[in-house]
Each structure stands twice: as structure tokens, then as C-alpha cells.
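S.K.: This structure is in C-alpha cells; I'll ask about it shortly.
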Amino acid sequence: MVVPLSAESESLLEVQQVESPRPFDASALSPELAKILGAYYEQNYPRDLEWAGLESLRIEGVVVDQLGTTPFIAIRKKPDLHKVTFEGLGGEQFIYAYDGNEPWQLLPGQKSQPIVMPKAAAADFIRDCMFGGHLLYPSASGKTVRLLGTAVFEGIACYRIEVSLDGGQKIEYALSKYNSREVYIRYLSHASGSVESVYQGDFESVNGMSIPRSSRLYVDDAFKAEIKINRAEANTGVMPWMFRPASEYSALLINPVSNN
């Protein structure tokens, strides 16, 4: 059972997302933007039956910052289930998850009892839970997508696209004009109030879906951390119960974190 936070858990429904079940549908957008997104879909996602058969991802990697290297495992499942487990320097685990209903966390010192994520942190976490990302569902209810123009990011000419979610959150994407890779993301963190920017590179294809093996996080333009993916696999048997904060499942949620 998740323990609610009386003040922070109030009105959590305000940050939950409702997405259209129709991916790749850019028909309601301008012809120019629809063409850009069409190329993005073609280069970065499997289509039709292959996309329908891509149900989940399991990702192993590390976060490298000034404090050291922190291993993590992330599991994701359509449409928006997401769970990340970090291993601290002393072997302790930090777990953050969204089970499709409630965002929760389990941190050292909580006596092994999960609690609802604070509201601002929940808004940030749920924003990033959509399987495949927000550009994949441009026709979702309450969402607007617009082309801001072009810019150069680290020597790469890009299209700048802004997505406004139902509820007011905005995310800016930069898609390479050369190969349609998603090389840059920018958004406002509700938890910190800072602007966070992510530069992505070294892409690999996992069952037809592009995954950046290297991402660099900047907070208010200052370098914060690098996220390196060592292994990414699709359809490894990830099940919905793995995202629930049930103590009886704790030993089965994921395999031990590894640096390999």
C-alpha cells in the first residue's frame, strides 16, 4: 500500500496524462510540420505490426556526475508505465515509478514503505513516462504541437518543435534536419524551477526504435550529469505488476543492478 503525503499528494490527477491511442497521426498539423514528423517517425520507430508488437523496454546504464557513477535499471511498458531503480554508493536502492495510476517512490530511510511522489516531482516524472515520447502522439487530446523554426545545436542543423501538454507543461524538441534524430530536449522542471536541457547522441536501434546511448543533462545551462546506456532490450517479459508498489513483489521487480 502506498502511503499518501497529505499536502503533496493532493490533486495528483492534475499531472496525469491522457494520450491518444493513435501513434504517427500528424494529419491535423500543417503540411510542413506533418512532413517533418513523418520523416522522424520513419527514421526512429518501427511501423504498423512491428510497433504493435513492441510492448516494453528494459534499459541498463549509469549516471555519471561529480559525485561518481550511479548504476540504474529502467523498465518501461506501453502506454506509460515507467520505473527506474538506482543503486547508491552504499548499495542502497532508490526507486521511482509510475504504475499508470499513481507516481510513487521508495527511498532509503522510508522503512521499505513506498510513498506517493511529491506533486512537483510527480509532474516531472509522469511527463517523461509516455512510451516513445510525446512527438509520437501529436493528435492526443489537449496537446498542441507547433514548429518554432530552425536552429543549430552543437553543429547540427535542426527543426525546433514545441509540444504543449494538457495541463500546461511545454517541451521543446530539436530534430536533426539531416537524419531526423531527436538530438535535444528542453523543459521546465516543476520540482526545481530550473530549465533542464538534454543533448542526445550515439543512437542505436532496438526493435526498430531509436534509443540514445548517451545523454548529457544541463540545468540552467550548467552541466549536471551524463546518462550512459549500456544495454537496451525489448519485450523481455516486463509485466504491469512490476510497476506497482507492493512489498510482496519487491524481490521480483527487477534483476540486481549491474555495471555490465
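Identifiers for the C-alpha cells are assigned positionally: chains receive A, B, ... in sequence, residues are indexed from 1 per chain, and ligands are indexed from 1 in the order shown.
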At a cut-off of 7 Å, using only C-alpha atoms, what residues contact region 159-172 of chain A? Leave out same-chain residues fewer than 4 positions from it and give the result as a ChimeraX atom specification.

M.R.: /A:14-15,142-151,176-177,185-187

S.K.: Considering only C-alpha atoms, return as a ChimeraX atom specification whatever protein or nucleic-acid residues lie within 9 Å of Ala28 (chain A), sequence-local ones (same chain, fewer than 6 positions apart) excluded.

M.R.: /A:34,138-139

S.K.: When you count only C-alpha atoms, which of these residues is closest to Tyr45 (chain A): A:Asp128, A:Asp202, A:Glu182, A:Asp220?

M.R.: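 Comparing A:Asp128, A:Asp202, A:Glu182, A:Asp220 against Tyr45 (chain A), the winner is A:Glu182.
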
S.K.: Would you give me, as a list in words, the residues in region 106-241 of chain A that DSSP reads as alpha helix (DSSP H)?

M.R.: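 Answer for region 106-241 of chain A, restricted to alpha helix (DSSP H): Lys119, Ala120, Ala121, Ala122, Ala123, Asp124, Phe125, Ile126 and Arg127 of chain A.
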
S.K.: Rank nothing, just name the residue among A:Tyr96, A:Arg181, A:Val64, A:Ser141 nearest to Ser205 (chain A), using only C-alpha atoms.

M.R.: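 Closest to Ser205 (chain A), using only C-alpha atoms: A:Arg181.
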